[in-house]
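Participant: File coords_19.cif follows (mmCIF, N, CA and C atoms):
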```
data_work
#
loop_
_atom_site.label_atom_id
_atom_site.label_comp_id
_atom_site.auth_asym_id
_atom_site.auth_seq_id
_atom_site.Cartn_x
_atom_site.Cartn_y
_atom_site.Cartn_z
N MET A 1 12.79 -0.38 -23.55
CA MET A 1 12.54 0.21 -22.27
C MET A 1 12.86 -0.80 -21.17
N THR A 2 13.54 -0.35 -20.14
CA THR A 2 13.86 -1.26 -19.06
C THR A 2 12.62 -1.58 -18.23
N LYS A 3 12.72 -2.61 -17.41
CA LYS A 3 11.59 -3.03 -16.61
C LYS A 3 11.15 -1.93 -15.64
N ASN A 4 12.10 -1.23 -15.03
CA ASN A 4 11.77 -0.17 -14.09
C ASN A 4 11.05 0.99 -14.78
N ARG A 5 11.49 1.33 -15.97
CA ARG A 5 10.83 2.41 -16.70
C ARG A 5 9.41 2.02 -17.09
N ARG A 6 9.21 0.76 -17.45
CA ARG A 6 7.84 0.31 -17.77
C ARG A 6 6.94 0.40 -16.56
N ILE A 7 7.45 0.01 -15.41
CA ILE A 7 6.66 0.08 -14.19
C ILE A 7 6.33 1.53 -13.86
N ILE A 8 7.32 2.42 -13.96
CA ILE A 8 7.08 3.84 -13.69
C ILE A 8 6.07 4.39 -14.67
N HIS A 9 6.17 4.00 -15.94
CA HIS A 9 5.22 4.45 -16.95
C HIS A 9 3.80 3.98 -16.60
N LYS A 10 3.65 2.72 -16.17
CA LYS A 10 2.34 2.20 -15.80
C LYS A 10 1.78 2.93 -14.58
N VAL A 11 2.64 3.21 -13.62
CA VAL A 11 2.18 3.91 -12.42
C VAL A 11 1.74 5.33 -12.77
N LEU A 12 2.49 6.02 -13.62
CA LEU A 12 2.10 7.37 -14.03
C LEU A 12 0.78 7.37 -14.80
N LYS A 13 0.59 6.37 -15.64
CA LYS A 13 -0.69 6.23 -16.34
C LYS A 13 -1.82 6.00 -15.35
N ALA A 14 -1.55 5.19 -14.33
CA ALA A 14 -2.56 4.90 -13.31
C ALA A 14 -2.91 6.15 -12.53
N VAL A 15 -1.92 6.97 -12.20
CA VAL A 15 -2.19 8.22 -11.48
C VAL A 15 -3.04 9.15 -12.35
N GLU A 16 -2.72 9.19 -13.63
CA GLU A 16 -3.52 10.02 -14.55
C GLU A 16 -4.97 9.52 -14.58
N LEU A 17 -5.18 8.22 -14.67
CA LEU A 17 -6.53 7.67 -14.66
C LEU A 17 -7.22 7.92 -13.32
N PHE A 18 -6.45 7.90 -12.23
CA PHE A 18 -7.00 8.17 -10.91
C PHE A 18 -7.64 9.55 -10.87
N PHE A 19 -6.93 10.55 -11.38
CA PHE A 19 -7.47 11.90 -11.34
C PHE A 19 -8.57 12.12 -12.36
N ARG A 20 -8.67 11.28 -13.33
CA ARG A 20 -9.79 11.36 -14.27
C ARG A 20 -11.02 10.64 -13.73
N GLY A 21 -10.89 10.05 -12.54
CA GLY A 21 -12.02 9.35 -11.93
C GLY A 21 -12.14 7.91 -12.39
N GLY A 22 -11.07 7.35 -12.89
CA GLY A 22 -11.10 6.00 -13.42
C GLY A 22 -10.89 4.92 -12.39
N GLY A 23 -11.08 5.20 -11.14
CA GLY A 23 -10.93 4.17 -10.12
C GLY A 23 -9.72 4.43 -9.25
N ASN A 24 -9.33 3.41 -8.54
CA ASN A 24 -8.15 3.56 -7.71
C ASN A 24 -6.98 2.85 -8.37
N LEU A 25 -5.81 3.08 -7.86
CA LEU A 25 -4.62 2.53 -8.49
C LEU A 25 -4.57 1.00 -8.49
N PRO A 26 -5.04 0.30 -7.47
CA PRO A 26 -4.94 -1.16 -7.53
C PRO A 26 -5.67 -1.77 -8.71
N LYS A 27 -6.77 -1.17 -9.13
CA LYS A 27 -7.53 -1.74 -10.23
C LYS A 27 -6.97 -1.34 -11.59
N VAL A 28 -6.11 -0.34 -11.61
CA VAL A 28 -5.57 0.16 -12.86
C VAL A 28 -4.20 -0.44 -13.16
N VAL A 29 -3.39 -0.59 -12.15
CA VAL A 29 -2.02 -1.08 -12.32
C VAL A 29 -2.04 -2.58 -12.52
N GLU A 30 -1.20 -3.08 -13.41
CA GLU A 30 -1.18 -4.50 -13.71
C GLU A 30 -0.47 -5.31 -12.63
N LYS A 31 -0.48 -6.62 -12.80
CA LYS A 31 0.09 -7.52 -11.79
C LYS A 31 1.58 -7.31 -11.57
N GLY A 32 2.28 -6.75 -12.51
CA GLY A 32 3.72 -6.59 -12.40
C GLY A 32 4.15 -5.71 -11.24
N VAL A 33 3.24 -4.91 -10.72
CA VAL A 33 3.55 -4.04 -9.61
C VAL A 33 2.63 -4.34 -8.42
N SER A 34 2.39 -5.63 -8.18
CA SER A 34 1.48 -6.02 -7.10
C SER A 34 2.00 -5.58 -5.74
N LEU A 35 3.30 -5.52 -5.57
CA LEU A 35 3.86 -5.03 -4.31
C LEU A 35 3.49 -3.57 -4.11
N PHE A 36 3.54 -2.80 -5.19
CA PHE A 36 3.15 -1.39 -5.14
C PHE A 36 1.69 -1.26 -4.72
N VAL A 37 0.83 -2.12 -5.21
CA VAL A 37 -0.59 -2.08 -4.93
C VAL A 37 -0.85 -2.38 -3.46
N GLN A 38 -0.08 -3.26 -2.87
CA GLN A 38 -0.29 -3.64 -1.48
C GLN A 38 0.17 -2.56 -0.50
N MET A 39 0.80 -1.53 -1.00
CA MET A 39 1.28 -0.47 -0.13
C MET A 39 0.15 0.32 0.52
N GLY A 40 -1.01 0.41 -0.11
CA GLY A 40 -2.12 1.21 0.41
C GLY A 40 -2.59 0.77 1.78
N PRO A 41 -3.06 -0.47 1.92
CA PRO A 41 -3.48 -0.92 3.25
C PRO A 41 -2.32 -0.93 4.26
N VAL A 42 -1.14 -1.29 3.81
CA VAL A 42 0.01 -1.30 4.71
C VAL A 42 0.31 0.11 5.20
N ALA A 43 0.23 1.11 4.31
CA ALA A 43 0.47 2.50 4.69
C ALA A 43 -0.55 2.96 5.73
N PHE A 44 -1.79 2.54 5.57
CA PHE A 44 -2.83 2.92 6.53
C PHE A 44 -2.53 2.33 7.91
N TYR A 45 -2.21 1.06 7.97
CA TYR A 45 -1.92 0.42 9.25
C TYR A 45 -0.64 0.96 9.89
N ILE A 46 0.36 1.22 9.08
CA ILE A 46 1.59 1.82 9.60
C ILE A 46 1.30 3.22 10.14
N GLY A 47 0.48 3.98 9.41
CA GLY A 47 0.11 5.32 9.86
C GLY A 47 -0.63 5.29 11.19
N LEU A 48 -1.56 4.35 11.34
CA LEU A 48 -2.27 4.22 12.61
C LEU A 48 -1.33 3.83 13.74
N LEU A 49 -0.42 2.92 13.45
CA LEU A 49 0.54 2.49 14.47
C LEU A 49 1.46 3.65 14.88
N ILE A 50 1.94 4.39 13.91
CA ILE A 50 2.79 5.55 14.20
C ILE A 50 2.00 6.59 14.99
N ALA A 51 0.74 6.83 14.60
CA ALA A 51 -0.10 7.80 15.32
C ALA A 51 -0.29 7.38 16.77
N LEU A 52 -0.50 6.11 16.99
CA LEU A 52 -0.70 5.61 18.35
C LEU A 52 0.59 5.73 19.18
N ILE A 53 1.70 5.30 18.63
CA ILE A 53 2.97 5.36 19.36
C ILE A 53 3.38 6.82 19.59
N ALA A 54 3.19 7.66 18.59
CA ALA A 54 3.61 9.06 18.69
C ALA A 54 2.74 9.86 19.64
N ALA A 55 1.60 9.33 20.04
CA ALA A 55 0.76 10.03 21.00
C ALA A 55 1.43 10.13 22.36
N PHE A 56 2.40 9.28 22.61
CA PHE A 56 3.06 9.25 23.91
C PHE A 56 4.41 9.97 23.91
N ILE A 57 4.74 10.64 22.81
CA ILE A 57 5.98 11.42 22.75
C ILE A 57 5.64 12.84 22.33
N THR A 58 6.58 13.74 22.49
CA THR A 58 6.38 15.12 22.04
C THR A 58 6.46 15.15 20.51
N PRO A 59 5.41 15.65 19.85
CA PRO A 59 5.40 15.61 18.38
C PRO A 59 6.39 16.59 17.76
N SER A 60 6.86 16.23 16.58
CA SER A 60 7.72 17.12 15.80
C SER A 60 7.07 17.35 14.44
N SER A 61 7.59 18.31 13.72
CA SER A 61 7.02 18.59 12.41
C SER A 61 7.24 17.42 11.45
N TRP A 62 8.32 16.67 11.63
CA TRP A 62 8.58 15.52 10.75
C TRP A 62 7.57 14.41 10.96
N LEU A 63 7.07 14.30 12.16
CA LEU A 63 6.02 13.31 12.42
C LEU A 63 4.80 13.61 11.57
N TYR A 64 4.41 14.87 11.55
CA TYR A 64 3.23 15.26 10.77
C TYR A 64 3.47 15.14 9.27
N VAL A 65 4.68 15.44 8.84
CA VAL A 65 5.01 15.26 7.41
C VAL A 65 4.92 13.78 7.04
N GLY A 66 5.47 12.93 7.88
CA GLY A 66 5.41 11.48 7.61
C GLY A 66 3.99 10.96 7.59
N LEU A 67 3.16 11.40 8.54
CA LEU A 67 1.77 10.98 8.56
C LEU A 67 1.00 11.50 7.34
N ALA A 68 1.31 12.72 6.93
CA ALA A 68 0.65 13.28 5.75
C ALA A 68 1.03 12.51 4.48
N VAL A 69 2.31 12.14 4.36
CA VAL A 69 2.74 11.35 3.19
C VAL A 69 2.05 9.99 3.18
N LEU A 70 1.97 9.35 4.34
CA LEU A 70 1.25 8.07 4.42
C LEU A 70 -0.22 8.26 4.07
N GLY A 71 -0.80 9.36 4.49
CA GLY A 71 -2.20 9.65 4.14
C GLY A 71 -2.41 9.81 2.65
N VAL A 72 -1.47 10.47 1.98
CA VAL A 72 -1.56 10.62 0.52
C VAL A 72 -1.47 9.25 -0.15
N ILE A 73 -0.57 8.40 0.34
CA ILE A 73 -0.45 7.05 -0.22
C ILE A 73 -1.76 6.29 -0.03
N VAL A 74 -2.36 6.42 1.15
CA VAL A 74 -3.65 5.77 1.42
C VAL A 74 -4.70 6.29 0.46
N GLY A 75 -4.74 7.60 0.26
CA GLY A 75 -5.73 8.17 -0.64
C GLY A 75 -5.56 7.73 -2.08
N LEU A 76 -4.32 7.63 -2.52
CA LEU A 76 -4.05 7.21 -3.89
C LEU A 76 -4.37 5.74 -4.12
N LEU A 77 -4.04 4.91 -3.16
CA LEU A 77 -4.09 3.47 -3.39
C LEU A 77 -5.34 2.78 -2.86
N ASN A 78 -6.09 3.40 -1.96
CA ASN A 78 -7.19 2.68 -1.33
C ASN A 78 -8.58 3.14 -1.73
N VAL A 79 -8.76 4.40 -2.05
CA VAL A 79 -10.10 4.94 -2.23
C VAL A 79 -10.45 5.00 -3.71
N THR A 80 -11.49 4.25 -4.09
CA THR A 80 -11.95 4.25 -5.48
C THR A 80 -12.87 5.45 -5.71
N ALA A 81 -13.18 5.71 -6.97
CA ALA A 81 -14.09 6.80 -7.30
C ALA A 81 -15.47 6.56 -6.69
N LYS A 82 -15.88 5.30 -6.62
CA LYS A 82 -17.18 4.96 -6.04
C LYS A 82 -17.20 5.21 -4.53
N GLU A 83 -16.05 5.08 -3.87
CA GLU A 83 -15.97 5.26 -2.43
C GLU A 83 -15.69 6.70 -2.01
N THR A 84 -15.60 7.62 -2.96
CA THR A 84 -15.24 9.00 -2.67
C THR A 84 -16.20 9.64 -1.67
N GLY A 85 -17.49 9.57 -1.93
CA GLY A 85 -18.48 10.20 -1.06
C GLY A 85 -18.45 9.67 0.36
N PRO A 86 -18.57 8.35 0.54
CA PRO A 86 -18.51 7.81 1.90
C PRO A 86 -17.18 8.11 2.61
N PHE A 87 -16.07 8.05 1.88
CA PHE A 87 -14.78 8.33 2.51
C PHE A 87 -14.71 9.78 2.98
N LEU A 88 -15.13 10.71 2.13
CA LEU A 88 -15.09 12.12 2.53
C LEU A 88 -16.04 12.39 3.70
N PHE A 89 -17.22 11.77 3.68
CA PHE A 89 -18.18 11.95 4.77
C PHE A 89 -17.59 11.43 6.09
N ALA A 90 -17.01 10.24 6.05
CA ALA A 90 -16.42 9.67 7.26
C ALA A 90 -15.23 10.49 7.73
N SER A 91 -14.43 11.00 6.80
CA SER A 91 -13.28 11.82 7.17
C SER A 91 -13.71 13.11 7.85
N ILE A 92 -14.71 13.76 7.27
CA ILE A 92 -15.22 15.00 7.86
C ILE A 92 -15.82 14.72 9.23
N ALA A 93 -16.57 13.63 9.36
CA ALA A 93 -17.17 13.27 10.65
C ALA A 93 -16.08 13.05 11.70
N PHE A 94 -15.02 12.35 11.34
CA PHE A 94 -13.94 12.10 12.31
C PHE A 94 -13.25 13.39 12.70
N ILE A 95 -12.91 14.22 11.72
CA ILE A 95 -12.18 15.44 12.02
C ILE A 95 -13.02 16.40 12.86
N VAL A 96 -14.30 16.55 12.52
CA VAL A 96 -15.18 17.43 13.30
C VAL A 96 -15.35 16.88 14.71
N ALA A 97 -15.51 15.58 14.84
CA ALA A 97 -15.65 14.98 16.18
C ALA A 97 -14.38 15.17 17.00
N ALA A 98 -13.22 15.02 16.38
CA ALA A 98 -11.96 15.20 17.11
C ALA A 98 -11.80 16.64 17.58
N ILE A 99 -12.13 17.58 16.70
CA ILE A 99 -12.03 19.00 17.08
C ILE A 99 -13.07 19.34 18.14
N GLY A 100 -14.29 18.86 17.94
CA GLY A 100 -15.34 19.13 18.90
C GLY A 100 -15.06 18.53 20.26
N MET A 101 -14.52 17.34 20.26
CA MET A 101 -14.21 16.68 21.52
C MET A 101 -13.18 17.48 22.31
N SER A 102 -12.19 18.02 21.63
CA SER A 102 -11.14 18.75 22.34
C SER A 102 -11.61 20.12 22.82
N SER A 103 -12.59 20.71 22.13
CA SER A 103 -13.00 22.06 22.52
C SER A 103 -14.26 22.09 23.39
N LEU A 104 -15.08 21.06 23.34
CA LEU A 104 -16.34 21.09 24.08
C LEU A 104 -16.31 20.37 25.41
N ILE A 105 -15.38 19.47 25.60
CA ILE A 105 -15.32 18.73 26.85
C ILE A 105 -14.74 19.64 27.93
N LEU A 106 -15.49 19.79 29.01
CA LEU A 106 -15.06 20.68 30.08
C LEU A 106 -14.07 20.02 31.04
N VAL A 107 -14.06 18.70 31.04
CA VAL A 107 -13.14 17.96 31.89
C VAL A 107 -11.81 17.84 31.15
N PRO A 108 -10.69 18.06 31.83
CA PRO A 108 -9.41 17.89 31.13
C PRO A 108 -9.22 16.45 30.65
N ILE A 109 -8.83 16.33 29.41
CA ILE A 109 -8.57 15.00 28.86
C ILE A 109 -7.06 14.80 28.79
N PRO A 110 -6.61 13.58 28.86
CA PRO A 110 -5.15 13.33 28.80
C PRO A 110 -4.56 13.86 27.49
N ILE A 111 -3.37 14.41 27.58
CA ILE A 111 -2.68 14.96 26.42
C ILE A 111 -2.43 13.89 25.37
N GLU A 112 -2.25 12.65 25.80
CA GLU A 112 -2.02 11.57 24.86
C GLU A 112 -3.22 11.35 23.96
N LEU A 113 -4.41 11.49 24.52
CA LEU A 113 -5.63 11.34 23.71
C LEU A 113 -5.76 12.46 22.69
N SER A 114 -5.41 13.67 23.10
CA SER A 114 -5.43 14.80 22.16
C SER A 114 -4.40 14.61 21.05
N ARG A 115 -3.22 14.15 21.42
CA ARG A 115 -2.18 13.90 20.40
C ARG A 115 -2.59 12.79 19.45
N LEU A 116 -3.21 11.75 19.96
CA LEU A 116 -3.67 10.65 19.11
C LEU A 116 -4.70 11.16 18.10
N ALA A 117 -5.65 11.95 18.57
CA ALA A 117 -6.66 12.52 17.67
C ALA A 117 -6.01 13.42 16.62
N ALA A 118 -5.03 14.23 17.03
CA ALA A 118 -4.34 15.10 16.08
C ALA A 118 -3.56 14.29 15.05
N ASN A 119 -2.89 13.24 15.50
CA ASN A 119 -2.10 12.41 14.58
C ASN A 119 -2.99 11.72 13.56
N ILE A 120 -4.10 11.15 14.01
CA ILE A 120 -5.01 10.47 13.08
C ILE A 120 -5.67 11.49 12.15
N THR A 121 -5.93 12.69 12.66
CA THR A 121 -6.50 13.74 11.81
C THR A 121 -5.56 14.10 10.68
N VAL A 122 -4.27 14.17 10.95
CA VAL A 122 -3.29 14.47 9.89
C VAL A 122 -3.27 13.34 8.86
N LEU A 123 -3.28 12.10 9.33
CA LEU A 123 -3.25 10.94 8.43
C LEU A 123 -4.49 10.92 7.53
N ILE A 124 -5.64 11.05 8.12
CA ILE A 124 -6.89 10.96 7.35
C ILE A 124 -7.14 12.25 6.57
N GLY A 125 -6.77 13.38 7.17
CA GLY A 125 -7.00 14.66 6.50
C GLY A 125 -6.24 14.81 5.20
N SER A 126 -5.01 14.32 5.17
CA SER A 126 -4.24 14.43 3.92
C SER A 126 -4.83 13.54 2.83
N ALA A 127 -5.31 12.36 3.21
CA ALA A 127 -5.98 11.50 2.22
C ALA A 127 -7.28 12.16 1.76
N ALA A 128 -8.01 12.76 2.69
CA ALA A 128 -9.29 13.41 2.35
C ALA A 128 -9.06 14.60 1.41
N MET A 129 -7.99 15.35 1.62
CA MET A 129 -7.71 16.48 0.73
C MET A 129 -7.45 16.00 -0.69
N LEU A 130 -6.70 14.93 -0.84
CA LEU A 130 -6.42 14.39 -2.16
C LEU A 130 -7.70 13.91 -2.84
N ILE A 131 -8.52 13.18 -2.11
CA ILE A 131 -9.77 12.66 -2.66
C ILE A 131 -10.72 13.80 -2.98
N ALA A 132 -10.76 14.82 -2.13
CA ALA A 132 -11.61 15.98 -2.39
C ALA A 132 -11.16 16.72 -3.65
N LEU A 133 -9.85 16.84 -3.83
CA LEU A 133 -9.34 17.48 -5.05
C LEU A 133 -9.74 16.69 -6.29
N ARG A 134 -9.70 15.36 -6.19
CA ARG A 134 -10.12 14.53 -7.32
C ARG A 134 -11.60 14.75 -7.61
N ALA A 135 -12.42 14.85 -6.57
CA ALA A 135 -13.85 15.06 -6.77
C ALA A 135 -14.13 16.43 -7.36
N ILE A 136 -13.42 17.45 -6.88
CA ILE A 136 -13.58 18.80 -7.41
C ILE A 136 -13.15 18.85 -8.87
N TYR A 137 -12.05 18.21 -9.19
CA TYR A 137 -11.58 18.15 -10.57
C TYR A 137 -12.62 17.49 -11.47
N GLY A 138 -13.21 16.39 -10.98
CA GLY A 138 -14.24 15.69 -11.76
C GLY A 138 -15.47 16.55 -11.99
N MET A 139 -15.87 17.31 -10.99
CA MET A 139 -17.03 18.19 -11.16
C MET A 139 -16.71 19.38 -12.05
N ALA A 140 -15.49 19.90 -11.95
CA ALA A 140 -15.11 21.06 -12.74
C ALA A 140 -15.02 20.74 -14.23
N LYS A 141 -14.60 19.52 -14.54
CA LYS A 141 -14.48 19.17 -15.95
C LYS A 141 -15.81 18.74 -16.55
N GLY A 142 -16.83 18.63 -15.68
CA GLY A 142 -18.17 18.34 -16.19
C GLY A 142 -18.51 16.88 -16.27
N GLY A 143 -17.84 16.04 -15.55
CA GLY A 143 -18.16 14.62 -15.66
C GLY A 143 -17.93 13.98 -14.41
#
```
Kindly transcribe the structure held in the file into structure tokens.
Facilitator:
Amino acid sequence: MTKNRRIIHKVLKAVELFFRGGGNLPKVVEKGVSLFVQMGPVAFYIGLLIALIAAFITPSSWLYVGLAVLGVIVGLLNVTAKETGPFLFASIAFIVAAIGMSSLILVPIPIELSRLAANITVLIGSAAMLIALRAIYGMAKGG
């Protein structure tokens, strides 16, 4: 087996363990793919930076797709099974606060602030959906 195939095989095994509740990918994947492991925090910071910069431009559907993909990477690589509850709670709190802020404030808020909240909601929401699916899968299988 070539080196690339071994790495892909290890990553696929890690994803399988992730959905079984065996932790997050950094703790499962061996040292040979340490660059892959470092992608999680980097994806989060890049996503925040893109969300901030994109708040000042007219959004496109590709922006949201890119933020959602980064959110999935964050969910796969950063959130352990032990952190599932707090992460989902914080995600729900942020999303509800962002929606509530935009609908309950009677004073007009700058469009950039609304776009920033929407961009971060897409980033965090996609990670939260993945983590929620893992939690639902764990409860459905009885463990």
Participant: Could you list, with a cut-off of 5 Å and counting all atoms listed in the file, the residues of range 73-140 of chain A near range 55-66 of chain A, each shown with its nearest atom pair and the distance in Å rounded to one decimal, rows sorted by chain and ascending number, as a tab-separated table?
Facilitator:
```
residue	atom	partner	partner_atom	distance
A:Glu112	CA	A:Ala55	C	4.5
A:Arg115	C	A:Ala55	CA	4.6
A:Leu116	N	A:Ala55	CA	4.4
```
Participant: Return the single residue from A:Val96, A:Leu52, A:Val69, A:Val74 that is closest to Met39 in chain A, with distances computed using all atoms listed in the file.
Facilitator: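 Closest residue, counting all atoms listed in the file: A:Val74.
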Participant: Given the point (-13.2, 14.0, 8.0) in the coordinates of this file, which residues lie within 10 Å, counting only C-alpha atoms, and how would they look as a short mmCIF file (atom, residue, chain, number, x, y, z; two decimals) with N, CA and C atoms, in the coordinates of the input?
Facilitator:
```cif
data_model
loop_
_atom_site.label_atom_id
_atom_site.label_comp_id
_atom_site.auth_asym_id
_atom_site.auth_seq_id
_atom_site.Cartn_x
_atom_site.Cartn_y
_atom_site.Cartn_z
N PHE A 87 -16.07 8.05 1.88
CA PHE A 87 -14.78 8.33 2.51
C PHE A 87 -14.71 9.78 2.98
N LEU A 88 -15.13 10.71 2.13
CA LEU A 88 -15.09 12.12 2.53
C LEU A 88 -16.04 12.39 3.70
N PHE A 89 -17.22 11.77 3.68
CA PHE A 89 -18.18 11.95 4.77
C PHE A 89 -17.59 11.43 6.09
N ALA A 90 -17.01 10.24 6.05
CA ALA A 90 -16.42 9.67 7.26
C ALA A 90 -15.23 10.49 7.73
N SER A 91 -14.43 11.00 6.80
CA SER A 91 -13.28 11.82 7.17
C SER A 91 -13.71 13.11 7.85
N ILE A 92 -14.71 13.76 7.27
CA ILE A 92 -15.22 15.00 7.86
C ILE A 92 -15.82 14.72 9.23
N ALA A 93 -16.57 13.63 9.36
CA ALA A 93 -17.17 13.27 10.65
C ALA A 93 -16.08 13.05 11.70
N PHE A 94 -15.02 12.35 11.34
CA PHE A 94 -13.94 12.10 12.31
C PHE A 94 -13.25 13.39 12.70
N ILE A 95 -12.91 14.22 11.72
CA ILE A 95 -12.18 15.44 12.02
C ILE A 95 -13.02 16.40 12.86
N VAL A 96 -14.30 16.55 12.52
CA VAL A 96 -15.18 17.43 13.30
C VAL A 96 -15.35 16.88 14.71
N ALA A 97 -15.51 15.58 14.84
CA ALA A 97 -15.65 14.98 16.18
C ALA A 97 -14.38 15.17 17.00
N ALA A 98 -13.22 15.02 16.38
CA ALA A 98 -11.96 15.20 17.11
C ALA A 98 -11.80 16.64 17.58
N THR A 121 -5.93 12.69 12.66
CA THR A 121 -6.50 13.74 11.81
C THR A 121 -5.56 14.10 10.68
N ILE A 124 -5.64 11.05 8.12
CA ILE A 124 -6.89 10.96 7.35
C ILE A 124 -7.14 12.25 6.57
N GLY A 125 -6.77 13.38 7.17
CA GLY A 125 -7.00 14.66 6.50
C GLY A 125 -6.24 14.81 5.20
N SER A 126 -5.01 14.32 5.17
CA SER A 126 -4.24 14.43 3.92
C SER A 126 -4.83 13.54 2.83
N ALA A 127 -5.31 12.36 3.21
CA ALA A 127 -5.98 11.50 2.22
C ALA A 127 -7.28 12.16 1.76
N ALA A 128 -8.01 12.76 2.69
CA ALA A 128 -9.29 13.41 2.35
C ALA A 128 -9.06 14.60 1.41
N MET A 129 -7.99 15.35 1.62
CA MET A 129 -7.71 16.48 0.73
C MET A 129 -7.45 16.00 -0.69
#
```
Participant: Enumerate the residues of range 46-99 of chain A with a DSSP assignment of helix (DSSP H, G or I), computed from the backbone, and present them as an MDAnalysis selection string.
Facilitator: chainID A and resid 46:54 61:78 84:99
Participant: Hey, which of A:Ala43, A:Leu76, A:Ile131, A:Ala68 ends up closest to Asn119 in chain A? Count only N, CA and C atoms.
Facilitator: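 The closest residue to Asn119 in chain A is A:Ala68.
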Participant: Calculate, to one decimal in Å, the centre and edge lengths of the box along x, y and z of the file that holds all listed atoms of range 86-90 of chain A with 6 Å of margin on each side, and present them as lines of an AutoDock Vina configuration file.
Facilitator:
```
center_x = -16.6
center_y = 10.1
center_z = 4.1
size_x = 15.9
size_y = 16.6
size_z = 19.2
```
Participant: Mind giving me the straight-line distance from atom N of Ile99 in chain A to atom C of Gly85 in chain A in Å, one decimal?
Facilitator: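 So the answer is 19.2 Å.
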Participant: With only C-alpha atoms counted, which protein, DNA or RNA residues have an atom no more than 7 Å from (-7.2, 3.8, 2.4) in the file frame? Please answer as a ChimeraX atom specification.
Facilitator: /A:40-41,44,74-75,77-79
Participant: What is the CA of Ala117 in chain A to CA of Ile73 in chain A distance in Å?
Facilitator: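 Interatomic distance here is 19.7 Å.
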Participant: So, with only N, CA and C atoms as the atoms that count, which of A:Ile46, A:Val72, A:Met101, A:Ala140 lies closest to Val122 in chain A?
Facilitator: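 Counting only N, CA and C atoms, the residue closest to Val122 in chain A is A:Val72.
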Participant: Interatomic distance between atom N of Leu106 in chain A and CA of Ala51 in chain A?
Facilitator: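 One can read the atom N of Leu106 in chain A to CA of Ala51 in chain A distance as 23.8 Å.
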